[in-house]
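Novice: Pasting coords30.txt here (compact mmCIF, C-alpha atoms and all ligand atoms):
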# COMPACT_ATOMS: atom_id res chain seq x y z
CA MET J 1 -20.19 -13.97 9.21
CA HIS J 2 -16.71 -14.18 7.73
CA SER J 3 -14.25 -11.30 7.58
CA TYR J 4 -11.51 -11.35 4.94
CA LEU J 5 -9.31 -9.13 7.12
CA THR J 6 -5.65 -10.10 6.65
CA HIS J 7 -3.33 -7.44 8.07
CA LEU J 8 -2.72 -3.75 8.73
CA GLU J 9 -0.75 -1.62 6.30
CA CYS J 10 0.79 1.79 6.89
CA THR J 11 -0.59 4.37 4.47
CA ARG J 12 2.75 6.21 4.45
CA CYS J 13 5.67 3.71 4.71
CA HIS J 14 3.62 0.64 3.64
CA GLU J 15 5.04 -1.53 6.38
CA THR J 16 2.63 -4.31 7.35
CA HIS J 17 1.54 -5.30 10.83
CA SER J 18 -0.56 -8.01 12.40
CA ALA J 19 -4.25 -7.22 12.52
CA ASP J 20 -4.71 -9.52 15.49
CA GLU J 21 -2.84 -7.44 18.00
CA LEU J 22 -3.77 -3.96 19.19
CA HIS J 23 -2.27 -1.13 17.18
CA THR J 24 -2.74 2.60 17.15
CA THR J 25 -0.56 4.39 14.55
CA CYS J 26 2.31 2.87 12.52
CA PRO J 27 5.08 1.76 14.93
CA SER J 28 7.71 2.88 12.37
CA CYS J 29 6.52 6.27 11.12
CA ASN J 30 3.55 7.14 13.35
CA LYS J 31 1.18 7.65 10.40
CA VAL J 32 -2.24 6.11 9.71
CA LEU J 33 -2.68 2.31 9.54
CA TYR J 34 -5.35 0.80 7.28
CA ALA J 35 -7.01 -2.59 7.57
CA ARG J 36 -6.43 -4.76 4.49
CA TYR J 37 -8.54 -7.66 3.25
CA ASP J 38 -7.97 -10.61 0.95
CA LEU J 39 -10.14 -9.07 -1.74
CA ASP J 40 -9.17 -11.68 -4.37
CA ALA J 41 -10.57 -14.49 -2.25
CA CYS J 42 -13.50 -12.28 -1.30
CA ARG J 43 -14.33 -11.59 -4.96
CA ASP J 44 -14.99 -15.28 -5.56
CA ALA J 45 -17.11 -15.76 -2.45
CA PHE J 46 -19.08 -12.50 -2.05
CA SER J 47 -21.38 -10.98 -4.62
CA ARG J 48 -23.69 -7.98 -4.70
CA ASP J 49 -26.65 -10.37 -4.60
CA ASP J 50 -25.49 -11.77 -1.26
CA LEU J 51 -26.41 -8.44 0.29
CA LEU J 52 -30.03 -8.66 -0.72
CA GLY J 53 -31.12 -11.22 1.85
CA ARG J 54 -29.26 -9.62 4.72
CA GLU J 55 -30.60 -7.48 7.52
CA GLY J 56 -29.99 -3.75 7.07
CA GLY J 57 -27.22 -1.86 8.81
CA MET J 58 -23.52 -1.45 8.65
CA TRP J 59 -22.58 -5.01 9.61
CA ARG J 60 -24.17 -6.59 6.55
CA TRP J 61 -20.85 -5.85 4.83
CA SER J 62 -19.10 -8.29 7.20
CA GLU J 63 -16.74 -9.73 4.56
CA ILE J 64 -15.02 -6.36 4.26
CA MET J 65 -15.43 -5.35 7.89
CA PRO J 66 -12.74 -6.02 10.51
CA VAL J 67 -14.58 -8.12 13.12
CA ARG J 68 -13.94 -11.87 12.94
CA ASP J 69 -16.59 -13.20 15.34
CA ALA J 70 -20.19 -11.94 15.12
CA ALA J 71 -20.44 -12.26 18.90
CA ASN J 72 -18.07 -9.29 19.20
CA VAL J 73 -20.15 -6.89 17.10
CA VAL J 74 -21.38 -4.02 19.26
CA SER J 75 -24.30 -2.53 17.37
CA LEU J 76 -27.08 -0.06 18.09
CA GLY J 77 -28.55 -0.17 14.58
CA GLU J 78 -26.09 2.25 12.95
CA GLY J 79 -25.83 2.81 9.22
CA HIS J 80 -28.25 2.15 6.36
CA THR J 81 -29.29 5.78 6.46
CA PRO J 82 -31.62 7.28 3.84
CA LEU J 83 -30.38 8.93 0.69
CA LEU J 84 -32.99 11.67 0.31
CA HIS J 85 -33.73 13.25 -3.04
CA ALA J 86 -33.69 17.00 -2.25
CA GLU J 87 -36.13 18.01 -4.97
CA ALA J 88 -37.35 21.29 -3.52
CA LEU J 89 -33.89 22.42 -2.53
CA GLY J 90 -32.59 21.43 -5.95
CA ARG J 91 -35.35 23.44 -7.69
CA ARG J 92 -33.93 26.59 -6.13
CA HIS J 93 -30.85 25.97 -8.27
CA ALA J 94 -32.58 24.35 -11.28
CA ALA J 95 -30.87 21.15 -10.16
CA SER J 96 -32.87 17.92 -10.34
CA ARG J 97 -30.25 15.50 -9.06
CA LEU J 98 -29.36 16.82 -5.62
CA TYR J 99 -29.34 14.28 -2.76
CA ILE J 100 -28.74 14.34 0.98
CA LYS J 101 -27.29 11.40 2.86
CA GLU J 102 -29.06 11.77 6.20
CA GLU J 103 -26.61 10.63 8.88
CA GLY J 104 -28.46 12.40 11.70
CA LEU J 105 -30.62 9.29 12.07
CA ASN J 106 -27.74 7.22 13.42
CA PRO J 107 -27.64 6.16 17.09
CA THR J 108 -26.37 9.10 19.19
CA GLY J 109 -27.45 11.44 16.39
CA SER J 110 -24.38 11.49 14.18
CA PHE J 111 -22.29 9.42 11.80
CA LYS J 112 -19.68 9.05 14.56
CA ALA J 113 -21.78 5.99 15.50
CA ARG J 114 -20.46 4.12 12.45
CA GLY J 115 -16.83 4.63 13.34
CA LEU J 116 -17.25 3.87 17.00
CA SER J 117 -19.38 0.79 16.44
CA ALA J 118 -16.50 -0.59 14.34
CA ALA J 119 -13.73 0.54 16.70
CA VAL J 120 -15.43 -0.66 19.90
CA SER J 121 -16.35 -4.00 18.32
CA ARG J 122 -12.80 -4.67 17.18
CA ALA J 123 -11.34 -3.39 20.47
CA LYS J 124 -13.65 -5.76 22.34
CA GLU J 125 -12.49 -8.60 20.10
CA LEU J 126 -8.88 -7.78 20.93
CA GLY J 127 -9.51 -7.64 24.68
CA VAL J 128 -9.75 -3.91 25.43
CA ARG J 129 -11.48 -3.13 28.76
CA ALA J 130 -11.10 0.67 28.89
CA ALA J 131 -11.00 3.29 26.14
CA ALA J 132 -10.46 7.04 25.90
CA ILE J 133 -11.15 9.63 23.22
CA PRO J 134 -10.63 13.33 22.57
CA SER J 135 -13.75 14.77 20.97
CA ALA J 136 -15.50 17.89 19.81
CA GLY J 137 -18.69 16.27 21.13
CA ASN J 138 -20.23 13.64 18.88
CA ALA J 139 -17.39 11.13 19.03
CA ALA J 140 -17.52 11.31 22.82
CA SER J 141 -21.20 10.44 23.03
CA ALA J 142 -20.80 7.69 20.44
CA LEU J 143 -17.86 6.07 22.27
CA ALA J 144 -19.79 6.44 25.53
CA ALA J 145 -22.81 4.64 24.10
CA TYR J 146 -20.97 1.79 22.38
CA GLY J 147 -18.58 1.46 25.30
CA ALA J 148 -21.55 1.11 27.67
CA ARG J 149 -23.02 -1.60 25.47
CA ALA J 150 -19.66 -3.40 25.36
CA GLY J 151 -19.16 -3.11 29.13
CA MET J 152 -16.06 -0.95 28.72
CA ASP J 153 -14.85 1.82 30.94
CA VAL J 154 -14.95 5.06 28.87
CA HIS J 155 -13.08 8.34 29.34
CA VAL J 156 -13.92 11.29 27.11
CA TYR J 157 -11.99 14.56 26.88
CA MET J 158 -13.79 17.55 25.37
CA PRO J 159 -13.19 21.29 25.07
CA ALA J 160 -14.92 23.05 27.96
CA ASP J 161 -17.14 24.96 25.50
CA THR J 162 -18.50 21.82 23.79
CA PRO J 163 -22.31 22.05 23.33
CA ASP J 164 -24.02 21.08 26.56
CA MET J 165 -26.12 18.34 25.02
CA MET J 166 -23.05 16.37 24.03
CA LYS J 167 -21.50 16.56 27.50
CA ARG J 168 -24.76 15.48 29.13
CA GLU J 169 -25.24 12.72 26.63
CA ALA J 170 -21.79 11.22 27.26
CA ALA J 171 -22.35 11.45 31.01
CA ALA J 172 -25.75 9.76 30.69
CA TYR J 173 -24.05 6.71 29.17
CA GLY J 174 -21.82 6.51 32.21
CA ALA J 175 -18.61 7.84 30.65
CA HIS J 176 -16.10 9.79 32.71
CA VAL J 177 -16.32 13.27 31.20
CA HIS J 178 -13.19 15.44 31.37
CA LEU J 179 -13.34 19.06 30.17
CA VAL J 180 -10.16 20.72 28.99
CA ASP J 181 -9.00 24.24 28.22
CA GLY J 182 -8.43 24.57 24.50
CA LEU J 183 -9.65 22.60 21.49
CA ILE J 184 -9.68 18.99 20.38
CA ASP J 185 -5.90 18.96 19.88
CA ALA J 186 -5.43 19.90 23.55
CA ALA J 187 -7.93 17.17 24.49
CA GLY J 188 -5.85 14.75 22.41
CA ARG J 189 -2.72 15.59 24.39
CA HIS J 190 -4.53 14.88 27.67
CA VAL J 191 -5.75 11.53 26.34
CA ARG J 192 -2.26 10.50 25.21
CA GLU J 193 -0.78 11.35 28.62
CA ARG J 194 -3.46 9.70 30.71
CA ALA J 195 -3.96 6.66 28.44
CA ALA J 196 -0.27 5.79 28.72
CA VAL J 197 -0.46 5.91 32.52
CA GLU J 198 -3.86 4.25 32.98
CA GLY J 199 -3.63 1.64 30.22
CA TRP J 200 -6.66 2.97 28.32
CA PHE J 201 -6.91 2.28 24.60
CA ASP J 202 -6.75 5.58 22.67
CA VAL J 203 -9.42 5.73 19.95
CA SER J 204 -8.51 9.19 18.58
CA THR J 205 -9.54 9.82 14.96
CA LEU J 206 -7.37 7.73 12.60
CA LYS J 207 -4.92 6.95 15.40
CA GLU J 208 -6.39 3.46 15.54
CA PRO J 209 -7.23 1.53 12.35
CA TYR J 210 -10.92 0.68 12.73
CA ARG J 211 -13.03 3.81 13.10
CA VAL J 212 -12.34 4.49 9.43
CA GLU J 213 -13.67 1.01 8.59
CA GLY J 214 -17.01 2.03 10.06
CA LYS J 215 -16.98 5.34 8.20
CA LYS J 216 -16.20 3.62 4.93
CA THR J 217 -19.65 2.02 5.03
CA MET J 218 -21.04 5.43 3.97
CA GLY J 219 -19.23 4.89 0.67
CA LEU J 220 -20.47 1.31 0.39
CA GLU J 221 -24.04 2.49 0.98
CA LEU J 222 -23.75 5.29 -1.59
CA ALA J 223 -22.67 2.75 -4.21
CA GLU J 224 -25.54 0.41 -3.38
CA GLN J 225 -28.16 3.17 -3.10
CA PHE J 226 -27.19 4.53 -6.53
CA ALA J 227 -27.34 1.00 -8.03
CA TRP J 228 -23.53 0.70 -8.28
CA ALA J 229 -22.93 3.90 -10.22
CA LEU J 230 -21.35 6.54 -7.98
CA PRO J 231 -22.56 10.17 -8.02
CA ASP J 232 -20.64 12.98 -9.75
CA ALA J 233 -19.69 14.78 -6.55
CA VAL J 234 -19.75 14.29 -2.79
CA LEU J 235 -19.64 17.27 -0.41
CA TYR J 236 -18.31 16.40 3.00
CA PRO J 237 -17.76 18.60 6.09
CA THR J 238 -14.17 17.82 6.99
CA GLY J 239 -12.72 17.74 10.48
CA GLY J 240 -10.40 14.78 11.04
CA GLY J 241 -11.39 13.54 7.59
CA THR J 242 -12.34 9.97 8.53
CA GLY J 243 -15.41 10.03 6.34
CA ILE J 244 -13.75 11.40 3.23
CA VAL J 245 -10.81 8.97 3.37
CA GLY J 246 -13.08 6.14 4.48
CA MET J 247 -15.35 6.55 1.46
CA TRP J 248 -12.32 6.79 -0.79
CA LYS J 249 -11.06 3.48 0.62
CA ALA J 250 -14.51 1.91 0.17
CA PHE J 251 -14.61 2.85 -3.52
CA ASP J 252 -11.20 1.22 -4.12
CA GLU J 253 -12.30 -1.96 -2.37
CA LEU J 254 -15.55 -2.10 -4.36
CA GLU J 255 -13.64 -1.64 -7.60
CA THR J 256 -11.25 -4.45 -6.66
CA LEU J 257 -14.26 -6.66 -5.96
CA GLY J 258 -15.51 -5.79 -9.44
CA TRP J 259 -18.71 -4.16 -8.15
CA ILE J 260 -18.10 -0.63 -9.51
CA SER J 261 -16.06 0.91 -12.33
CA SER J 262 -12.99 3.11 -11.96
CA GLU J 263 -15.11 6.28 -12.06
CA ARG J 264 -15.10 8.32 -8.87
CA PRO J 265 -17.09 11.26 -7.55
CA LYS J 266 -15.32 14.58 -7.13
CA MET J 267 -14.56 14.55 -3.40
CA ILE J 268 -15.21 18.02 -2.03
CA SER J 269 -14.01 19.03 1.39
CA VAL J 270 -16.02 21.75 3.18
CA GLN J 271 -14.54 23.65 6.13
CA ALA J 272 -15.44 26.76 8.10
CA ASP J 273 -13.58 29.96 7.29
CA GLY J 274 -12.52 30.14 10.96
CA CYS J 275 -10.80 26.74 10.77
CA ALA J 276 -9.68 25.66 7.32
CA PRO J 277 -6.31 23.88 7.40
CA ILE J 278 -7.21 21.48 4.57
CA VAL J 279 -8.55 24.25 2.30
CA ARG J 280 -5.42 26.33 2.88
CA ALA J 281 -3.13 23.37 2.07
CA PHE J 282 -5.21 22.46 -0.99
CA GLU J 283 -5.00 25.99 -2.34
CA ALA J 284 -1.25 26.17 -1.67
CA GLY J 285 -0.66 22.88 -3.49
CA ASP J 286 0.77 21.28 -0.33
CA ASP J 287 0.61 17.57 0.50
CA GLU J 288 0.23 18.17 4.23
CA ALA J 289 -1.58 20.85 6.25
CA GLU J 290 -0.14 23.25 8.81
CA PRO J 291 -2.13 23.45 12.07
CA TRP J 292 -4.71 26.28 12.12
CA GLU J 293 -4.26 28.92 14.84
CA ASP J 294 -7.20 30.23 16.90
CA ALA J 295 -9.77 27.94 15.31
CA GLN J 296 -13.33 29.23 15.60
CA THR J 297 -16.65 28.11 14.16
CA VAL J 298 -20.22 27.34 15.25
CA ALA J 299 -19.76 23.81 13.87
CA PRO J 300 -17.89 21.87 16.57
CA GLY J 301 -17.23 18.74 14.48
CA ILE J 302 -15.15 20.70 11.98
CA ARG J 303 -13.33 22.82 14.56
CA VAL J 304 -10.28 20.59 14.10
CA PRO J 305 -7.02 22.57 13.74
CA ALA J 306 -4.85 19.60 12.69
CA ALA J 307 -5.68 16.22 11.17
CA ILE J 308 -3.25 13.28 11.25
CA ALA J 309 -4.71 12.11 7.91
CA ASP J 310 -4.12 15.45 6.16
CA TYR J 311 -2.03 13.72 3.45
CA LEU J 312 -4.78 11.16 2.79
CA ILE J 313 -7.54 13.79 2.65
CA LEU J 314 -5.57 16.00 0.25
CA ALA J 315 -4.70 13.00 -1.94
CA ALA J 316 -8.36 11.91 -2.18
CA ILE J 317 -9.48 15.44 -3.10
CA ARG J 318 -6.81 15.78 -5.81
CA GLU J 319 -7.04 12.27 -7.27
CA SER J 320 -10.80 12.67 -7.58
CA GLY J 321 -10.64 16.05 -9.30
CA GLY J 322 -12.44 17.56 -6.33
CA THR J 323 -11.83 20.76 -4.44
CA ALA J 324 -11.84 22.26 -0.96
CA LEU J 325 -13.64 25.42 0.11
CA THR J 326 -14.79 27.37 3.12
CA VAL J 327 -18.12 28.76 4.23
CA SER J 328 -18.76 31.36 6.93
CA ASP J 329 -20.69 30.82 10.16
CA GLY J 330 -23.40 33.13 8.82
CA GLU J 331 -23.76 30.97 5.71
CA ILE J 332 -23.93 27.86 7.89
CA LEU J 333 -26.74 29.30 10.03
CA ASP J 334 -28.69 30.38 6.93
CA ALA J 335 -28.24 26.90 5.49
CA ILE J 336 -29.59 25.26 8.67
CA ARG J 337 -32.79 27.34 8.32
CA THR J 338 -33.12 26.65 4.61
CA LEU J 339 -32.68 22.87 4.98
CA ALA J 340 -35.20 22.81 7.81
CA GLN J 341 -37.82 24.93 6.05
CA VAL J 342 -37.43 23.58 2.52
CA GLU J 343 -36.70 19.91 3.16
CA GLY J 344 -37.93 19.31 6.72
CA LEU J 345 -34.44 18.34 7.78
CA PHE J 346 -32.90 19.79 10.94
CA ALA J 347 -29.23 19.46 10.08
CA ALA J 348 -26.15 19.73 12.24
CA PRO J 349 -24.18 22.89 11.42
CA GLU J 350 -21.46 20.73 9.82
CA GLY J 351 -24.02 19.14 7.50
CA ALA J 352 -25.63 22.47 6.67
CA ALA J 353 -22.18 23.76 5.67
CA THR J 354 -22.25 21.38 2.68
CA TYR J 355 -25.39 23.02 1.32
CA ALA J 356 -23.84 26.48 1.64
CA ALA J 357 -20.79 25.15 -0.20
CA TYR J 358 -22.94 23.57 -2.92
CA ALA J 359 -24.56 26.92 -3.70
CA LYS J 360 -21.12 28.53 -3.94
CA LEU J 361 -19.76 25.85 -6.24
CA LEU J 362 -22.74 26.26 -8.60
CA ASP J 363 -22.17 30.03 -8.67
CA ALA J 364 -18.47 29.53 -9.34
CA GLY J 365 -19.24 27.05 -12.13
CA PHE J 366 -17.23 24.27 -10.48
CA LEU J 367 -20.41 22.18 -10.32
CA SER J 368 -23.24 22.28 -12.82
CA PRO J 369 -26.94 21.86 -11.95
CA ASP J 370 -27.24 18.67 -13.99
CA GLU J 371 -24.61 16.82 -11.97
CA ARG J 372 -25.67 14.19 -9.47
CA VAL J 373 -24.45 15.56 -6.15
CA VAL J 374 -24.62 14.21 -2.60
CA LEU J 375 -24.48 16.47 0.46
CA PHE J 376 -23.60 14.74 3.71
CA ASN J 377 -25.68 15.77 6.68
CA THR J 378 -23.41 14.23 9.26
CA GLY J 379 -25.52 14.84 12.36
CA SER J 380 -28.78 15.93 13.89
CA GLY J 381 -29.56 19.57 14.57
CA LEU J 382 -31.16 18.46 17.84
CA LYS J 383 -27.71 18.47 19.47
CA THR J 384 -27.26 22.20 18.95
CA PRO J 385 -30.82 23.60 18.98
CA ASP J 386 -29.79 27.00 20.33
CA LEU J 387 -27.76 27.85 17.23
CA ILE J 388 -30.85 29.15 15.44
C1 LIG J 401 -16.90 14.73 13.60
C2 LIG J 401 -17.90 15.41 12.76
C3 LIG J 401 -17.56 15.87 11.47
C4 LIG J 401 -16.18 15.73 10.88
O1 LIG J 401 -15.96 14.38 10.55
P1 LIG J 401 -14.56 13.81 10.10
O2 LIG J 401 -14.89 12.50 9.49
O3 LIG J 401 -13.73 13.69 11.32
O4 LIG J 401 -13.96 14.76 9.12
C5 LIG J 401 -18.57 16.42 10.71
N1 LIG J 401 -19.84 16.56 11.17
C6 LIG J 401 -20.19 16.15 12.41
C7 LIG J 401 -21.59 16.34 12.87
C8 LIG J 401 -19.23 15.55 13.25
O5 LIG J 401 -19.59 15.14 14.46
ZN ZN J 402 4.56 3.74 8.59
Kindly present the structure from the file in structure tokens form.

Specialist:
Amino acid sequence: MHSYLTHLECTRCHETHSADELHTTCPSCNKVLYARYDLDACRDAFSRDDLLGREGGMWRWSEIMPVRDAANVVSLGEGHTPLLHAEALGRRHAASRLYIKEEGLNPTGSFKARGLSAAVSRAKELGVRAAAIPSAGNAASALAAYGARAGMDVHVYMPADTPDMMKREAAAYGAHVHLVDGLIDAAGRHVRERAAVEGWFDVSTLKEPYRVEGKKTMGLELAEQFAWALPDAVLYPTGGGTGIVGMWKAFDELETLGWISSERPKMISVQADGCAPIVRAFEAGDDEAEPWEDAQTVAPGIRVPAAIADYLILAAIRESGGTALTVSDGEILDAIRTLAQVEGLFAAPEGAATYAAYAKLLDAGFLSPDERVVLFNTGSGLKTPDLI
């Protein structure tokens, strides 16, 4: 295992920082830091064929992952999820090239496992003993699981009305579960206050540089699973936006390695009509998003009123020729039933939202039935069984 990690770079002011000390956000401007790799050296040493003999999973991409010593990798078998051809669902729309990336099969039942496997591994490598996270539910149980495996002390802060399963799950892994009044932004304020006092490492979405490195592996897998030709469009339920910006980063890295062309999928951000800060900013032509007031939706993972990476999400959507749109809770619930009954897939409400959005985009003519489209089912419906 050899990582080509070189340094951290601020996505806003472009200042560089050492990758071998602990960082959260940019010390100068407080925006998102990205891990950077020596991709020129990597290009000469790492080829697509090297992947073939490797064990499956997220860590087979070690050259462009941030952990230096394999002994520090904390893994539960995350990643390498199926790309399912949704033939029956597609037939309903005369579409023969509709696919679902099934992230519900990850450890702890959601794609949060990818991000937290990467963040906990790198934190372990840099000497972290205790970590804290604000979460709408799935990030909490993922940090709790990977933290347990790494022997770390874990504190999770969740809205009091988080689905019961997620609270119980985090507690089962031995995490300290703190419930707060308000939403994930309120939970984030508690974490910042307590972490500073207690010396916990804060692994809030995109406020440390490595969760996004785990999420980017969804983009790497898409490229490989489509034989190095990316799809026409990707629909992604957007909360903090780690997945959308992570995949966008992955595509750039793959192009620099010479593994894919400069063509990109339309990146399409799906939000709930009760919490749609990114959609509102996209429609207004803004580069940043105002926080959403009184956020409400049945899909906890996208009940995120403000995202630190708003400028990165909006840039990826625009540069890709994508769009952003909302769906209602009623449409989400209908989509959960349809996916379950037509494809045998019990999706998380966030994942089901992408199917509702797909149908709308076909109706509106933004997408055509002959385009190759990937819906992201980001989690398992088993976490929120009482929704339907
Ligand atoms: C967290 C979460 C999301 C939103 O993911 P981001 O990458 O933060 O935008 C979507 N779906 C599920 C199931 C989640 O847990
Ligand atoms: Zn900066």

Novice: Excluding Asp202 (chain J) and any residue of its chain fewer than 6 positions from it, enumerate the residues within 8 Å of it, using all atoms listed in the file, and give them as an MDAnalysis selection string.

Specialist: chainID J and resid 24 131:133 191:192 195 208

Novice: Have a look at J:Asn138, J:Val304, J:Glu253, J:Arg264 and name the one nearest to Gly188 (chain J); count only C-alpha atoms.

Specialist: J:Val304

Novice: Could you pull the residues within 12 Å of Arg43 (chain J), counting all atoms listed in the file, minus those fewer than 2 positions along the same chain, as a CSV table (one decimal) with C-alpha atoms, in the coordinates of the input?

Specialist:
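Saved the output as selection14.csv:
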chain,number,residue,atom,x,y,z
J,4,TYR,CA,-11.5,-11.4,4.9
J,37,TYR,CA,-8.5,-7.7,3.2
J,38,ASP,CA,-8.0,-10.6,1.0
J,39,LEU,CA,-10.1,-9.1,-1.7
J,40,ASP,CA,-9.2,-11.7,-4.4
J,41,ALA,CA,-10.6,-14.5,-2.2
J,45,ALA,CA,-17.1,-15.8,-2.4
J,46,PHE,CA,-19.1,-12.5,-2.0
J,47,SER,CA,-21.4,-11.0,-4.6
J,48,ARG,CA,-23.7,-8.0,-4.7
J,50,ASP,CA,-25.5,-11.8,-1.3
J,63,GLU,CA,-16.7,-9.7,4.6
J,64,ILE,CA,-15.0,-6.4,4.3
J,253,GLU,CA,-12.3,-2.0,-2.4
J,254,LEU,CA,-15.6,-2.1,-4.4
J,255,GLU,CA,-13.6,-1.6,-7.6
J,256,THR,CA,-11.2,-4.4,-6.7
J,257,LEU,CA,-14.3,-6.7,-6.0
J,258,GLY,CA,-15.5,-5.8,-9.4
J,259,TRP,CA,-18.7,-4.2,-8.2

Novice: Extract, using only C-alpha atoms, all DNA, RNA and protein residues at most 6 Å from region 217-230 of chain J, discarding same-chain residues fewer than 2 positions from it, and format them as a ChimeraX atom specification.

Specialist: /J:214-215,247,250,260

Novice: In terms of the shortest atom-to-atom distance over all atoms listed in the file, which of J:Ala347, J:Leu126, J:Met267, J:Leu98 is closest to Ala233 (chain J)?

Specialist: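 Among J:Ala347, J:Leu126, J:Met267, J:Leu98, it is J:Met267 that comes nearest to Ala233 (chain J).
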
Novice: Counting all atoms listed in the file, which residues come within 12 Å of (-30.7, 20.4, 18.5), with the point read in the file's coordinates, and could you list them as a ChimeraX atom specification?

Specialist: /J:104,109-110,163-166,336,340,345-349,379-388

Novice: Quick one: residues within 8 Å of ligand ZN 402 (chain J), with all atoms listed in the file, as an mmCIF file with C-alpha atoms, keeping the file's coordinate frame?

Specialist:
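Now in part_36.cif:
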data_model
loop_
_atom_site.group_PDB
_atom_site.id
_atom_site.type_symbol
_atom_site.label_atom_id
_atom_site.label_comp_id
_atom_site.auth_asym_id
_atom_site.auth_seq_id
_atom_site.Cartn_x
_atom_site.Cartn_y
_atom_site.Cartn_z
ATOM 1 C CA GLU J 9 -0.750 -1.620 6.300
ATOM 2 C CA CYS J 10 0.790 1.790 6.890
ATOM 3 C CA THR J 11 -0.590 4.370 4.470
ATOM 4 C CA ARG J 12 2.750 6.210 4.450
ATOM 5 C CA CYS J 13 5.670 3.710 4.710
ATOM 6 C CA HIS J 14 3.620 0.640 3.640
ATOM 7 C CA GLU J 15 5.040 -1.530 6.380
ATOM 8 C CA THR J 25 -0.560 4.390 14.550
ATOM 9 C CA CYS J 26 2.310 2.870 12.520
ATOM 10 C CA PRO J 27 5.080 1.760 14.930
ATOM 11 C CA SER J 28 7.710 2.880 12.370
ATOM 12 C CA CYS J 29 6.520 6.270 11.120
ATOM 13 C CA ASN J 30 3.550 7.140 13.350
ATOM 14 C CA LYS J 31 1.180 7.650 10.400
ATOM 15 C CA VAL J 32 -2.240 6.110 9.710
ATOM 16 C CA LEU J 33 -2.680 2.310 9.540
#

Novice: From the options J:Thr205, J:Ser262, J:Ser320, J:Thr242, which residue's atoms come nearest to ligand LIG 401 (chain J), counting only C-alpha atoms and all ligand atoms?

Specialist: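 Nearest to ligand LIG 401 (chain J): J:Thr242.
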
Novice: Neighbours of ligand LIG 401 (chain J) at 7 Å or closer, counting only C-alpha atoms and all ligand atoms: which residues, as a VMD selection string?

Specialist: chain J and resid 110 to 112 137 to 139 205 237 to 244 301 to 302 348 350 to 351 378 to 379

Novice: To one decimal place, how far is CA of Ala140 (chain J) from CA of Phe201 (chain J) in Å?

Specialist: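 For CA of Ala140 (chain J) relative to CA of Phe201 (chain J), the distance reads 14.0 Å.
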
Novice: Around (-2.3, -5.9, 18.1) in the file's frame, which residues reach within 10 Å when counting all atoms listed in the file? Return as a PyMOL selection string?

Specialist: chain J and resi 8+17-24+123+126-127

Novice: Just checking: using all atoms listed in the file, which residue out of J:Ser117, J:Thr16, J:Asn72, J:Ser269 ends up closest to Thr323 (chain J)?

Specialist: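 Using all atoms listed in the file, the shortest distance to Thr323 (chain J) belongs to J:Ser269.
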
Novice: Do you have the CA of Ala170 (chain J)-CA of Glu293 (chain J) distance handy?

Specialist: 27.8 Å

Novice: Would you mind listing what lies within 9 Å of His85 (chain J) as a ChimeraX atom specification, with only C-alpha atoms counted and same-chain residues fewer than 6 positions away left out?

Specialist: /J:96-101

Novice: How many Å lie between CA of Val74 (chain J) and CA of Leu116 (chain J), rounded to one decimal?

Specialist: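 A separation of 9.2 Å between them.
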
Novice: With a distance cut-off of 9 Å and all atoms listed in the file, select the neighbouring residues of Lys266 (chain J), excluding the residue or stretch itself and same-chain residues fewer than 6 positions from it, and output the selection as a VMD selection string.

Specialist: chain J and resid 231 to 235 316 to 323

Novice: Go through J:Thr81, J:Ser62, J:Thr338, J:Thr297 and flag the residue nearest Ala356 (chain J), using all atoms listed in the file for the distances.

Specialist: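 Once distances to Ala356 (chain J) are computed over all atoms listed in the file, the minimum belongs to J:Thr338.
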